[in-house]
Every structure is written in C-alpha cells, then in structure tokens.
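Engineer: upload_27.tsv is the file, holding TSV, C-alpha atoms:
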```
chain	number	residue	atom	x	y	z
T	7	MET	CA	9.37	-3.89	25.32
T	8	LYS	CA	9.29	-2.55	21.79
T	9	GLU	CA	10.38	-4.94	19.10
T	10	THR	CA	13.59	-3.96	17.30
T	11	LEU	CA	14.25	-4.63	13.62
T	12	VAL	CA	17.24	-3.76	11.46
T	13	PHE	CA	16.38	-2.28	8.07
T	14	ALA	CA	19.39	-3.04	5.87
T	15	THR	CA	19.78	0.47	4.49
T	16	ASN	CA	21.74	3.62	5.14
T	17	ASN	CA	19.19	5.86	3.47
T	18	ALA	CA	17.87	7.99	6.34
T	19	HIS	CA	14.84	9.08	4.34
T	20	LYS	CA	13.79	5.50	3.59
T	21	LEU	CA	14.24	4.60	7.25
T	22	GLU	CA	12.07	7.48	8.44
T	23	GLU	CA	9.37	6.76	5.89
T	24	VAL	CA	9.12	3.11	6.91
T	25	ALA	CA	9.23	3.97	10.62
T	26	ALA	CA	6.29	6.33	10.09
T	27	MET	CA	4.34	3.61	8.29
T	28	LEU	CA	4.89	1.31	11.26
T	29	GLY	CA	3.33	3.93	13.52
T	30	GLY	CA	6.29	3.97	15.90
T	31	ARG	CA	5.33	0.54	17.20
T	32	ILE	CA	8.59	-1.06	16.10
T	33	GLU	CA	12.06	0.38	16.65
T	34	LEU	CA	14.00	0.47	13.37
T	35	LEU	CA	17.79	0.48	13.21
T	36	SER	CA	19.83	1.30	10.10
T	37	LEU	CA	23.08	-0.40	9.08
T	38	ARG	CA	24.89	2.60	10.51
T	39	ASP	CA	23.10	2.14	13.85
T	40	ILE	CA	24.53	-1.38	14.17
T	41	HIS	CA	27.98	-0.22	12.92
T	42	CYS	CA	27.79	-2.31	9.76
T	43	ASP	CA	29.74	-0.86	6.84
T	44	ALA	CA	30.00	-4.10	4.88
T	45	ASP	CA	29.48	-3.99	1.13
T	46	ILE	CA	27.13	-6.95	1.01
T	47	PRO	CA	27.54	-8.66	-2.39
T	48	GLU	CA	24.31	-8.84	-4.38
T	49	THR	CA	25.01	-12.04	-6.25
T	50	GLY	CA	21.46	-13.31	-6.61
T	51	THR	CA	19.75	-13.86	-9.95
T	52	THR	CA	16.36	-12.60	-8.74
T	53	LEU	CA	15.20	-9.66	-6.64
T	54	GLU	CA	14.01	-12.17	-4.05
T	55	GLU	CA	17.47	-13.73	-3.78
T	56	ASN	CA	19.25	-10.39	-3.45
T	57	ALA	CA	16.91	-9.12	-0.76
T	58	LEU	CA	17.31	-12.39	1.12
T	59	ILE	CA	21.11	-12.36	0.78
T	60	LYS	CA	21.23	-8.93	2.44
T	61	ALA	CA	18.81	-9.88	5.21
T	62	ARG	CA	20.65	-13.16	5.86
T	63	TYR	CA	24.01	-11.40	6.03
T	64	ILE	CA	22.77	-9.09	8.78
T	65	ASN	CA	20.98	-11.88	10.59
T	66	GLU	CA	24.05	-14.13	10.57
T	67	HIS	CA	26.65	-11.47	11.43
T	68	TYR	CA	24.68	-9.42	13.94
T	69	GLY	CA	22.15	-11.91	15.27
T	70	THR	CA	19.28	-9.48	14.80
T	71	ASP	CA	15.91	-9.76	13.13
T	72	CYS	CA	15.97	-7.66	10.00
T	73	PHE	CA	14.64	-6.91	6.54
T	74	ALA	CA	16.19	-5.79	3.26
T	75	ASP	CA	14.79	-4.69	-0.08
T	76	ASP	CA	15.74	-4.92	-3.72
T	77	THR	CA	14.12	-3.23	-6.70
T	78	GLY	CA	14.19	-3.77	-10.44
T	79	LEU	CA	12.58	-2.57	-13.64
T	80	GLU	CA	11.03	-5.43	-15.63
T	81	VAL	CA	10.31	-4.78	-19.31
T	82	GLU	CA	7.88	-7.14	-20.97
T	83	ALA	CA	9.35	-7.06	-24.49
T	84	LEU	CA	12.79	-7.81	-23.04
T	85	GLY	CA	11.64	-10.88	-21.12
T	86	GLY	CA	11.81	-9.08	-17.79
T	87	GLU	CA	15.17	-7.33	-18.33
T	88	PRO	CA	16.92	-5.46	-16.84
T	89	GLY	CA	15.28	-6.83	-13.65
T	90	VAL	CA	17.79	-7.74	-10.99
T	91	TYR	CA	20.52	-6.13	-13.12
T	92	SER	CA	18.76	-2.75	-13.33
T	93	ALA	CA	21.48	-0.79	-11.51
T	94	ARG	CA	24.29	-2.20	-13.67
T	95	TYR	CA	22.50	-2.85	-16.96
T	96	ALA	CA	25.10	-0.99	-19.02
T	97	GLY	CA	27.94	-2.92	-17.39
T	98	GLY	CA	30.81	-1.55	-15.36
T	99	PRO	CA	30.67	-0.96	-11.62
T	100	GLY	CA	27.05	0.06	-12.00
T	101	HIS	CA	24.74	2.85	-10.93
T	102	ASP	CA	25.39	4.90	-14.08
T	103	SER	CA	21.76	5.86	-14.60
T	104	GLU	CA	22.42	7.71	-17.83
T	105	ALA	CA	24.16	4.78	-19.48
T	106	ASN	CA	21.54	2.34	-18.21
T	107	MET	CA	18.71	4.43	-19.62
T	108	ARG	CA	20.46	4.83	-22.97
T	109	LYS	CA	20.93	1.08	-23.26
T	110	LEU	CA	17.29	0.44	-22.39
T	111	LEU	CA	15.98	2.96	-24.95
T	112	ALA	CA	18.34	1.55	-27.59
T	113	ARG	CA	17.12	-1.99	-27.01
T	114	LEU	CA	13.50	-0.80	-27.23
T	115	GLU	CA	14.02	1.24	-30.41
T	116	GLY	CA	11.22	0.43	-32.81
T	117	VAL	CA	9.61	-1.93	-30.32
T	118	GLU	CA	5.88	-1.36	-30.04
T	119	ASN	CA	5.24	-3.13	-26.75
T	120	ARG	CA	6.53	-0.66	-24.11
T	121	ARG	CA	4.90	-2.38	-21.09
T	122	ALA	CA	7.06	-2.44	-17.99
T	123	ARG	CA	6.79	-2.60	-14.23
T	124	PHE	CA	8.84	-1.59	-11.26
T	125	ARG	CA	8.98	-4.32	-8.65
T	126	THR	CA	10.29	-4.17	-5.08
T	127	VAL	CA	10.82	-7.24	-2.95
T	128	ILE	CA	11.37	-7.05	0.80
T	129	ALA	CA	12.82	-10.08	2.59
T	130	LEU	CA	12.21	-10.28	6.32
T	131	ILE	CA	13.94	-12.61	8.77
T	132	ARG	CA	12.18	-12.76	12.11
T	133	HIS	CA	12.28	-15.34	14.87
T	134	GLY	CA	14.20	-17.62	12.50
T	135	GLN	CA	11.62	-17.55	9.72
T	136	THR	CA	11.78	-15.79	6.36
T	137	TYR	CA	9.00	-13.84	4.68
T	138	GLU	CA	8.66	-11.98	1.40
T	139	PHE	CA	6.65	-8.89	0.51
T	140	GLU	CA	6.18	-7.61	-3.01
T	141	GLY	CA	5.18	-4.21	-4.39
T	142	ILE	CA	4.48	-3.58	-8.08
T	143	VAL	CA	3.70	-0.50	-10.17
T	144	GLU	CA	2.68	-1.18	-13.77
T	145	GLY	CA	3.43	1.30	-16.55
T	146	HIS	CA	5.28	1.84	-19.81
T	147	ILE	CA	8.63	3.05	-21.13
T	148	THR	CA	8.76	6.37	-23.01
T	149	THR	CA	10.85	6.91	-26.13
T	150	GLU	CA	13.02	9.56	-24.47
T	151	PRO	CA	13.73	10.76	-20.93
T	152	HIS	CA	11.47	13.40	-19.34
T	153	GLY	CA	12.16	15.21	-16.07
T	154	ASN	CA	15.16	15.55	-13.82
T	155	GLY	CA	13.75	14.32	-10.53
T	156	GLY	CA	13.99	10.79	-9.19
T	157	PHE	CA	16.78	8.41	-10.03
T	158	GLY	CA	17.54	5.31	-12.05
T	159	TYR	CA	14.97	4.76	-14.79
T	160	ASP	CA	12.49	7.29	-13.39
T	161	PRO	CA	12.74	9.66	-16.41
T	162	VAL	CA	11.60	6.94	-18.86
T	163	PHE	CA	8.87	5.25	-16.78
T	164	VAL	CA	5.24	6.42	-16.86
T	165	PRO	CA	3.01	4.66	-14.30
T	166	ASP	CA	-0.48	3.58	-15.45
T	167	GLY	CA	-3.09	6.29	-14.86
T	168	TYR	CA	-0.57	9.13	-15.25
T	169	ASP	CA	0.77	11.05	-18.22
T	170	ARG	CA	4.11	12.00	-16.68
T	171	THR	CA	7.23	10.02	-15.83
T	172	PHE	CA	8.21	9.10	-12.28
T	173	ALA	CA	10.94	11.76	-12.61
T	174	GLU	CA	8.29	14.42	-13.32
T	175	LEU	CA	5.89	13.26	-10.63
T	176	GLY	CA	8.02	14.41	-7.68
T	177	ASP	CA	6.51	13.58	-4.31
T	178	VAL	CA	3.61	11.84	-5.97
T	179	LYS	CA	5.96	8.99	-6.77
T	180	ASN	CA	6.44	8.28	-3.08
T	181	HIS	CA	2.71	7.83	-2.63
T	182	ILE	CA	2.24	5.32	-5.43
T	183	SER	CA	5.60	3.62	-5.63
T	184	HIS	CA	6.37	-0.08	-5.73
T	185	ARG	CA	8.42	0.38	-2.58
T	186	ALA	CA	5.56	2.06	-0.70
T	187	ARG	CA	3.33	-0.86	-1.65
T	188	ALA	CA	5.81	-3.46	-0.46
T	189	VAL	CA	6.25	-1.56	2.80
T	190	GLU	CA	2.47	-1.40	3.33
T	191	ARG	CA	2.43	-5.18	3.02
T	192	LEU	CA	5.30	-5.53	5.47
T	193	ALA	CA	3.52	-3.19	7.89
T	194	GLY	CA	0.27	-5.12	7.63
T	195	PHE	CA	2.15	-8.26	8.55
T	196	LEU	CA	4.29	-6.86	11.38
T	197	LEU	CA	1.57	-4.83	13.05
T	198	ASN	CA	-0.90	-7.68	13.06
T	199	GLU	CA	1.58	-10.25	14.25
T	200	LYS	CA	1.92	-7.91	17.24
T	201	GLY	CA	-1.68	-6.81	17.45
T	202	LYS	CA	-3.73	-9.94	17.02
T	203	LYS	CA	-6.13	-10.74	19.79
T	204	GLU	CA	-8.71	-13.36	20.71
T	205	MET	CA	-12.30	-12.38	19.99
Q	28	MET	CA	-6.95	-26.36	-1.18
Q	29	LYS	CA	-7.30	-22.64	-1.70
Q	30	GLU	CA	-8.35	-20.65	1.33
Q	31	THR	CA	-11.77	-18.99	1.03
Q	32	LEU	CA	-12.66	-15.63	2.55
Q	33	VAL	CA	-15.87	-13.63	2.42
Q	34	PHE	CA	-15.43	-9.94	1.66
Q	35	ALA	CA	-18.52	-8.25	3.17
Q	36	THR	CA	-19.34	-6.20	0.09
Q	37	ASN	CA	-21.56	-6.34	-2.97
Q	38	ASN	CA	-19.38	-3.99	-4.97
Q	39	ALA	CA	-18.06	-6.19	-7.78
Q	40	HIS	CA	-15.31	-3.71	-8.65
Q	41	LYS	CA	-13.97	-3.67	-5.08
Q	42	LEU	CA	-14.04	-7.46	-4.97
Q	43	GLU	CA	-12.10	-7.77	-8.23
Q	44	GLU	CA	-9.54	-5.21	-7.17
Q	45	VAL	CA	-8.85	-6.95	-3.88
Q	46	ALA	CA	-8.77	-10.38	-5.55
Q	47	ALA	CA	-6.12	-9.08	-7.94
Q	48	MET	CA	-4.04	-7.73	-5.06
Q	49	LEU	CA	-4.15	-11.17	-3.44
Q	50	GLY	CA	-2.69	-12.63	-6.62
Q	51	GLY	CA	-5.42	-15.23	-6.95
Q	52	ARG	CA	-4.04	-17.15	-3.98
Q	53	ILE	CA	-7.21	-16.73	-1.92
Q	54	GLU	CA	-10.75	-17.29	-3.16
Q	55	LEU	CA	-12.95	-14.26	-2.37
Q	56	LEU	CA	-16.72	-14.45	-2.04
Q	57	SER	CA	-19.05	-11.47	-1.97
Q	58	LEU	CA	-22.19	-11.15	0.17
Q	59	ARG	CA	-24.16	-12.08	-2.92
Q	60	ASP	CA	-22.10	-15.24	-3.35
Q	61	ILE	CA	-23.16	-16.44	0.11
Q	62	HIS	CA	-26.78	-15.30	-0.47
Q	63	CYS	CA	-26.65	-12.68	2.26
Q	64	ASP	CA	-28.93	-9.71	1.65
Q	65	ALA	CA	-29.01	-8.52	5.26
Q	66	ASP	CA	-28.78	-4.80	5.94
Q	67	ILE	CA	-26.18	-5.09	8.68
Q	68	PRO	CA	-26.68	-2.21	11.15
Q	69	GLU	CA	-23.59	0.00	11.48
Q	70	THR	CA	-24.10	1.03	15.08
Q	71	GLY	CA	-20.46	1.44	16.11
Q	72	THR	CA	-18.97	4.74	17.25
Q	73	THR	CA	-15.65	4.15	15.48
Q	74	LEU	CA	-14.64	2.86	12.05
Q	75	GLU	CA	-13.00	-0.08	13.82
Q	76	GLU	CA	-16.27	-1.01	15.55
Q	77	ASN	CA	-18.34	-0.77	12.38
Q	78	ALA	CA	-15.94	-2.88	10.35
Q	79	LEU	CA	-15.87	-5.46	13.14
Q	80	ILE	CA	-19.67	-5.49	13.50
Q	81	LYS	CA	-20.00	-6.35	9.82
Q	82	ALA	CA	-17.30	-9.02	9.91
Q	83	ARG	CA	-18.77	-10.55	13.10
Q	84	TYR	CA	-22.24	-10.64	11.61
Q	85	ILE	CA	-21.05	-12.71	8.66
Q	86	ASN	CA	-18.86	-14.89	10.82
Q	87	GLU	CA	-21.69	-15.68	13.25
Q	88	HIS	CA	-24.46	-16.17	10.69
Q	89	TYR	CA	-22.52	-17.97	7.98
Q	90	GLY	CA	-19.65	-19.55	9.92
Q	91	THR	CA	-17.10	-18.32	7.41
Q	92	ASP	CA	-13.85	-16.42	7.79
Q	93	CYS	CA	-14.35	-12.93	6.45
Q	94	PHE	CA	-13.37	-9.28	6.37
Q	95	ALA	CA	-15.25	-5.99	6.15
Q	96	ASP	CA	-14.23	-2.38	5.71
Q	97	ASP	CA	-15.44	1.01	6.85
Q	98	THR	CA	-14.21	4.43	5.74
Q	99	GLY	CA	-14.51	7.94	7.12
Q	100	LEU	CA	-13.26	11.46	6.54
Q	101	GLU	CA	-11.58	12.91	9.64
Q	102	VAL	CA	-11.21	16.69	9.77
Q	103	GLU	CA	-8.67	18.02	12.25
Q	104	ALA	CA	-10.39	21.32	13.08
Q	105	LEU	CA	-13.63	19.42	13.76
Q	106	GLY	CA	-12.04	17.00	16.22
Q	107	GLY	CA	-12.15	14.13	13.74
Q	108	GLU	CA	-15.69	14.72	12.43
Q	109	PRO	CA	-17.52	13.51	10.43
Q	110	GLY	CA	-15.52	10.27	10.91
Q	111	VAL	CA	-17.71	7.26	11.39
Q	112	TYR	CA	-20.74	9.42	10.53
Q	113	SER	CA	-19.36	10.53	7.15
Q	114	ALA	CA	-22.12	8.92	5.08
Q	115	ARG	CA	-24.94	10.46	7.17
Q	116	TYR	CA	-23.33	13.68	8.38
Q	117	ALA	CA	-26.23	15.85	7.27
Q	118	GLY	CA	-28.75	13.58	9.01
Q	119	GLY	CA	-31.56	11.62	7.43
Q	120	PRO	CA	-31.21	8.13	6.02
Q	121	GLY	CA	-27.76	9.03	4.81
Q	122	HIS	CA	-25.66	8.84	1.66
Q	123	ASP	CA	-26.77	12.29	0.44
Q	124	SER	CA	-23.30	13.35	-0.67
Q	125	GLU	CA	-24.37	16.85	-1.68
Q	126	ALA	CA	-25.94	17.65	1.69
Q	127	ASN	CA	-22.99	16.12	3.55
Q	128	MET	CA	-20.49	18.23	1.62
Q	129	ARG	CA	-22.52	21.41	2.11
Q	130	LYS	CA	-22.63	20.81	5.86
Q	131	LEU	CA	-18.89	20.17	5.99
Q	132	LEU	CA	-18.03	23.31	4.01
Q	133	ALA	CA	-20.39	25.38	6.18
Q	134	ARG	CA	-18.78	24.13	9.37
Q	135	LEU	CA	-15.34	24.98	7.97
Q	136	GLU	CA	-16.28	28.45	6.74
Q	137	GLY	CA	-13.59	30.88	7.85
Q	138	VAL	CA	-11.59	28.07	9.45
Q	139	GLU	CA	-7.92	28.28	8.51
Q	140	ASN	CA	-6.89	24.75	9.45
Q	141	ARG	CA	-8.22	22.62	6.57
Q	142	ARG	CA	-6.22	19.47	7.41
Q	143	ALA	CA	-8.12	16.23	6.96
Q	144	ARG	CA	-7.56	12.57	6.24
Q	145	PHE	CA	-9.47	9.71	4.74
Q	146	ARG	CA	-9.15	6.57	6.81
Q	147	THR	CA	-10.19	3.01	5.97
Q	148	VAL	CA	-10.25	0.23	8.52
Q	149	ILE	CA	-10.53	-3.42	7.54
Q	150	ALA	CA	-11.54	-5.94	10.20
Q	151	LEU	CA	-10.64	-9.56	9.51
Q	152	ILE	CA	-11.94	-12.60	11.36
Q	153	ARG	CA	-9.92	-15.70	10.60
Q	154	HIS	CA	-9.54	-18.94	12.52
Q	155	GLY	CA	-11.41	-17.33	15.43
Q	156	GLN	CA	-9.06	-14.36	15.77
Q	157	THR	CA	-9.64	-10.74	14.83
Q	158	TYR	CA	-7.21	-8.43	13.08
Q	159	GLU	CA	-7.32	-4.81	11.98
Q	160	PHE	CA	-5.70	-3.09	9.00
Q	161	GLU	CA	-5.63	0.66	8.51
Q	162	GLY	CA	-5.07	2.83	5.44
Q	163	ILE	CA	-4.72	6.60	5.61
Q	164	VAL	CA	-4.42	9.39	3.03
Q	165	GLU	CA	-3.58	12.83	4.43
Q	166	GLY	CA	-4.78	15.99	2.70
Q	167	HIS	CA	-6.92	19.10	3.05
Q	168	ILE	CA	-10.46	20.31	2.45
Q	169	THR	CA	-11.07	22.85	-0.34
Q	170	THR	CA	-13.42	25.82	0.04
Q	171	GLU	CA	-15.70	24.58	-2.74
Q	172	PRO	CA	-16.28	21.33	-4.66
Q	173	HIS	CA	-14.19	20.57	-7.77
Q	174	GLY	CA	-14.81	17.74	-10.19
Q	175	ASN	CA	-17.65	15.33	-10.79
Q	176	GLY	CA	-15.90	12.01	-10.45
Q	177	GLY	CA	-15.69	9.91	-7.32
Q	178	PHE	CA	-18.27	9.92	-4.57
Q	179	GLY	CA	-18.86	11.16	-1.06
Q	180	TYR	CA	-16.45	13.94	-0.12
Q	181	ASP	CA	-14.15	13.36	-3.10
Q	182	PRO	CA	-14.88	16.78	-4.71
Q	183	VAL	CA	-13.64	18.67	-1.61
Q	184	PHE	CA	-10.60	16.56	-0.65
Q	185	VAL	CA	-7.13	17.23	-2.07
Q	186	PRO	CA	-4.55	14.58	-1.10
Q	187	ASP	CA	-1.07	15.79	-0.09
Q	188	GLY	CA	1.29	16.07	-3.06
Q	189	TYR	CA	-1.51	16.81	-5.52
Q	190	ASP	CA	-3.28	19.99	-6.62
Q	191	ARG	CA	-6.56	18.38	-7.63
Q	192	THR	CA	-9.38	16.83	-5.64
Q	193	PHE	CA	-10.02	13.09	-5.46
Q	194	ALA	CA	-13.01	13.73	-7.75
Q	195	GLU	CA	-10.71	15.25	-10.39
Q	196	LEU	CA	-8.01	12.60	-10.07
Q	197	GLY	CA	-10.02	9.79	-11.65
Q	198	ASP	CA	-8.17	6.47	-11.75
Q	199	VAL	CA	-5.24	8.01	-9.91
Q	200	LYS	CA	-7.34	7.93	-6.76
Q	201	ASN	CA	-7.48	4.14	-6.88
Q	202	HIS	CA	-3.69	3.97	-6.83
Q	203	ILE	CA	-3.18	6.18	-3.82
Q	204	SER	CA	-6.36	5.69	-1.83
Q	205	HIS	CA	-6.76	4.90	1.85
Q	206	ARG	CA	-8.61	1.75	0.85
Q	207	ALA	CA	-5.80	0.57	-1.44
Q	208	ARG	CA	-3.36	1.05	1.42
Q	209	ALA	CA	-5.48	-0.88	3.89
Q	210	VAL	CA	-5.86	-3.69	1.34
Q	211	GLU	CA	-2.07	-3.80	0.78
Q	212	ARG	CA	-1.69	-4.34	4.52
Q	213	LEU	CA	-4.32	-7.07	4.52
Q	214	ALA	CA	-2.59	-8.72	1.55
Q	215	GLY	CA	0.80	-8.58	3.25
Q	216	PHE	CA	-0.68	-10.35	6.24
Q	217	LEU	CA	-2.73	-12.98	4.41
Q	218	LEU	CA	-0.09	-13.92	1.85
Q	219	ASN	CA	2.65	-14.29	4.42
Q	220	GLU	CA	0.54	-16.26	6.82
Q	221	LYS	CA	0.20	-18.65	3.92
Q	222	GLY	CA	3.68	-18.28	2.53
Q	223	LYS	CA	6.00	-18.33	5.49
Q	224	LYS	CA	8.67	-20.97	5.49
Q	225	GLU	CA	11.54	-22.17	7.65
Q	226	MET	CA	14.97	-20.91	6.62
```
Is it possible to give me this structure as structure tokens?
Structural biologist:
Amino acid sequence: MKETLVFATNNAHKLEEVAAMLGGRIELLSLRDIHCDADIPETGTTLEENALIKARYINEHYGTDCFADDTGLEVEALGGEPGVYSARYAGGPGHDSEANMRKLLARLEGVENRRARFRTVIALIRHGQTYEFEGIVEGHITTEPHGNGGFGYDPVFVPDGYDRTFAELGDVKNHISHRARAVERLAGFLLNEKGKKEM
Amino acid sequence: MKETLVFATNNAHKLEEVAAMLGGRIELLSLRDIHCDADIPETGTTLEENALIKARYINEHYGTDCFADDTGLEVEALGGEPGVYSARYAGGPGHDSEANMRKLLARLEGVENRRARFRTVIALIRHGQTYEFEGIVEGHITTEPHGNGGFGYDPVFVPDGYDRTFAELGDVKNHISHRARAVERLAGFLLNEKGKKEM
C-alpha cells in the first residue's frame, strides 16, 4: 500500500510540485483533502518552531503523518531580521508585501552589507518521530524593487550567481529556490526510508 | 564522534561543495585521502550500476562507508542514449567531448523531438545497506554548440526555463544541476538519519 502523507498547505501548485518530486511513490493530501480549514496560529519564534507547530497540529487533530513548511528572509546586517516575521514585518495582520518591502529597504538605507538569504524549513512528523529539512538560497538585497513576478520580498532579492531579482527570474526561481532545496532533502529522506535494501 | 564517509572522487571542488551542503556534520574523505589510486572499471549498463560498482569497490577494499556518483545525458528520441555511455559515446578510450557532441548532433539531425535530461545517481553504502539518490534536470538539445564553459555535453544542453546552454550559464549551472539535486537528496537523508529525535 502506498504511504500517505498530509502536506499542510492549500496551495495546489506547491502540492503538485512536491508530488512530482516524490515520483508518485507517496500519496500527498492537502489540508482541503482532509477537510481542515483551521487557521493554525504561527506563534513560534523560529522557522523551525512554526513549521513544527503546523505539523503537530495536523498530527494531533487528524492522527496522520504530515509535514509543513515555513519560510523567511534573513538579512545579515539586521541580525537575521525579518526572519520568522517576514510576512508581517511591517505590522498589522500581515502579508502586505509592499509595506514589508518598504520597511526593509528603509532599514537598509545607507547600509553597505546587503547580504541576505531565503531559508525554508520543513518539519515532518512520521511514525511518531520528528525530522527537519532545510533549504537555503544566498543572495543580496537591492536598493529598489525590480520586477513584478513572484511575491513577498522577491522584487528586492538577487540570488548569488544571477543579476536579476527573484521577481524577474520567473520560472527559474522554482528551479533554484530555497523551498525546492528543502523539498529535495525531504524527498531524499522519504524515498530512501522506503527504498533501502540489504546488499 | 563525527561520522566519516568516503566520497569516491578526486575532484576537490566536488568534495568541498558536498561537504558544505552537509553543513560540516559529516567528515568527507576523497579517494586521495584514503590513498586509493585504482582505476575502478565502470562496467555497468545503467548509471545506478556504475555508481554502485564504485561504491562497492571502496567498501570492499577499504572497509569504509562511502558514496559514488555517475551521470549521463538521456535523449528521448534516442531511447535514452547516450546515457551510461555519455563519456565514451563516440568510441575510443572516452572523454573526447568534441567527438561525443558531434556524434550526438549528427544522430539528431532533422529530428524534431530534442527533449533530453541530465541524470545523476549517487549510490551510498552505509552500515552494510545500500541507498540510491537521483537528481534530474530536464531540457533540450540545441542544433549546434554554444558557449565554452562547462564540460561534456554542456554546450548543447539548454535546461528548461532558460534560453542558454549549461556551458553559457557558468556558475548558475552549479545551482540548478542534476548533481546538486542528487546531493540535496543525499544530504536530506544523511542529516536526518543523524538528527532524528523523539517528539
């Protein structure tokens, strides 16, 4: 029987992408598939904590194995800010990308060190054990936004090795992203837990 | 004590890159580090077999846990050729990139379906068990070479989402490559085997 895992998301595109990376060997269910419409509070102070809070919530309420992700932008000159608060950096109910970006650029005005990284953490709960998988993309923050694609801080983040922002890179972003890297690590773990064999 | 693994390579750059992806939590040794200068015969008929042959050789002769990789270009219209024979496609002792590319372009002359993928397989032997990790980059074959960077078939391979060949992409290739993806999967497995904890 195929193993079933809940991916704590309602983003159909994310679900499909991860399912493809698992080669169809694991059945993935979304929050919608398990009829979960809870607004799980992200009260952690690290990405690891938030991902684990979401995974634990599903595990405890639905009794299923599952994984959840959280992502943040970590700026070196700001001691890792906005980090876990990336989506609500400018205050308020959050997810105002414009306001968040403006605040970030304002805090970095005149600052020479523009180093930053996007970091995704996936927390997995499986057979009663917890695991963590990390994906990182290093880069720097521009002085003004470029490009309309992407979301969040994408218009001000240029990954190392490129001369365009994530917002300008379009599909390319999906190939190189912090999330893709974390998912590769998750896949390497899940597929080999299933596939290991004696010599 | 830190775990030690042999990476069956003498490419210092590859070793460093993989060590970095493992976050320094595992000590990597190269073939040189274990004083192995054997020319391990790659007699397998698949990438999986060749990677495993190399890993087994080290494991049997040196008694160490280890991993090895093999990479091939698989062209759809050619039924997966050159695949495991990528490095010696044009015959002879092999590794004549120019001759290999010429043969590939000749075989694809007038062929409309240019779909191809680079595939890396890593075989790991650890505590007497074997594991496999795969990394794939989908793309297409150009009608003539572009760019001088990279090696092998890089000047004729354009990865999906890009409009330049691997040879023209420079450092970008390292971010998106089949090998990087396979290594992410290996890292996800190794780090969580070490890091798993009870809830």
Engineer: Quick one: distance from CA of Leu49 (chain Q) to CA of Ala150 (chain Q) in Å, one decimal?
Structural biologist: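 We find that CA of Leu49 (chain Q) and CA of Ala150 (chain Q) lie 16.4 Å from each other.
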Engineer: Tell me which protein, DNA and RNA residues are within 12 Å of Ile163 (chain Q), counting all atoms listed in the file, leaving out same-chain ones fewer than 2 positions away, and put them as an NGL selection string.
Structural biologist: (:T and (26-27 or 29 or 181 or 190)) or (:Q and (98-101 or 143-149 or 160-161 or 165-166 or 186-187 or 203-212))
Engineer: Pick from T:Asn106, T:Ser36, T:Asn198, T:Thr52: nearest to Asp160 (chain T), with only C-alpha atoms counted?
Structural biologist: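 Residue with the minimum atom-to-atom distance to Asp160 (chain T): T:Asn106.
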Engineer: Find the spatial neighbours of Phe34 (chain Q), counting all atoms listed in the file, within a cut-off of 12 Å - ignore same-chain residues fewer than 4 positions away - and output them as an MDAnalysis selection string.
Structural biologist: chainID Q and resid 38:39 41:46 53:61 63 78 81:83 85:86 91:96 149:153 210 213
Engineer: Enter the distance from CA of Phe157 (chain T) to CA of Phe172 (chain T), in Å, rounded to one decimal.
Structural biologist: 8.9 Å
Engineer: Measuring between all atoms listed in the file, which one of Q:Met28, Q:Leu132, Q:Ala114, Q:Leu79 shows the shortest distance to chain T?
Structural biologist: Q:Leu79
Engineer: Using all atoms listed in the file, pick whichever of T:His146, T:Pro161, T:Gly50, T:Thr136 has the shortest atom-to-atom distance to chain Q.
Structural biologist: T:Thr136
Engineer: Residues near Glu103 (chain Q), anyone? I mean within 6 Å using only C-alpha atoms, not counting same-chain ones fewer than 2 positions away, as a PDB file with C-alpha atoms, keeping the file's coordinate frame.
Structural biologist:
```
ATOM      1  CA  LEU Q 105     -13.630  19.420  13.760  1.00  0.00           C
ATOM      2  CA  GLY Q 106     -12.040  17.000  16.220  1.00  0.00           C
ATOM      3  CA  GLY Q 107     -12.150  14.130  13.740  1.00  0.00           C
ATOM      4  CA  ARG Q 142      -6.220  19.470   7.410  1.00  0.00           C
ATOM      5  CA  ALA Q 143      -8.120  16.230   6.960  1.00  0.00           C
TER       6      ALA Q 143
END
```
Engineer: Please, what distance in Å, to one decimal, runs between CA of Gly215 (chain Q) and CA of Val185 (chain Q)?
Structural biologist: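 Here the two named atoms are 27.5 Å from each other.
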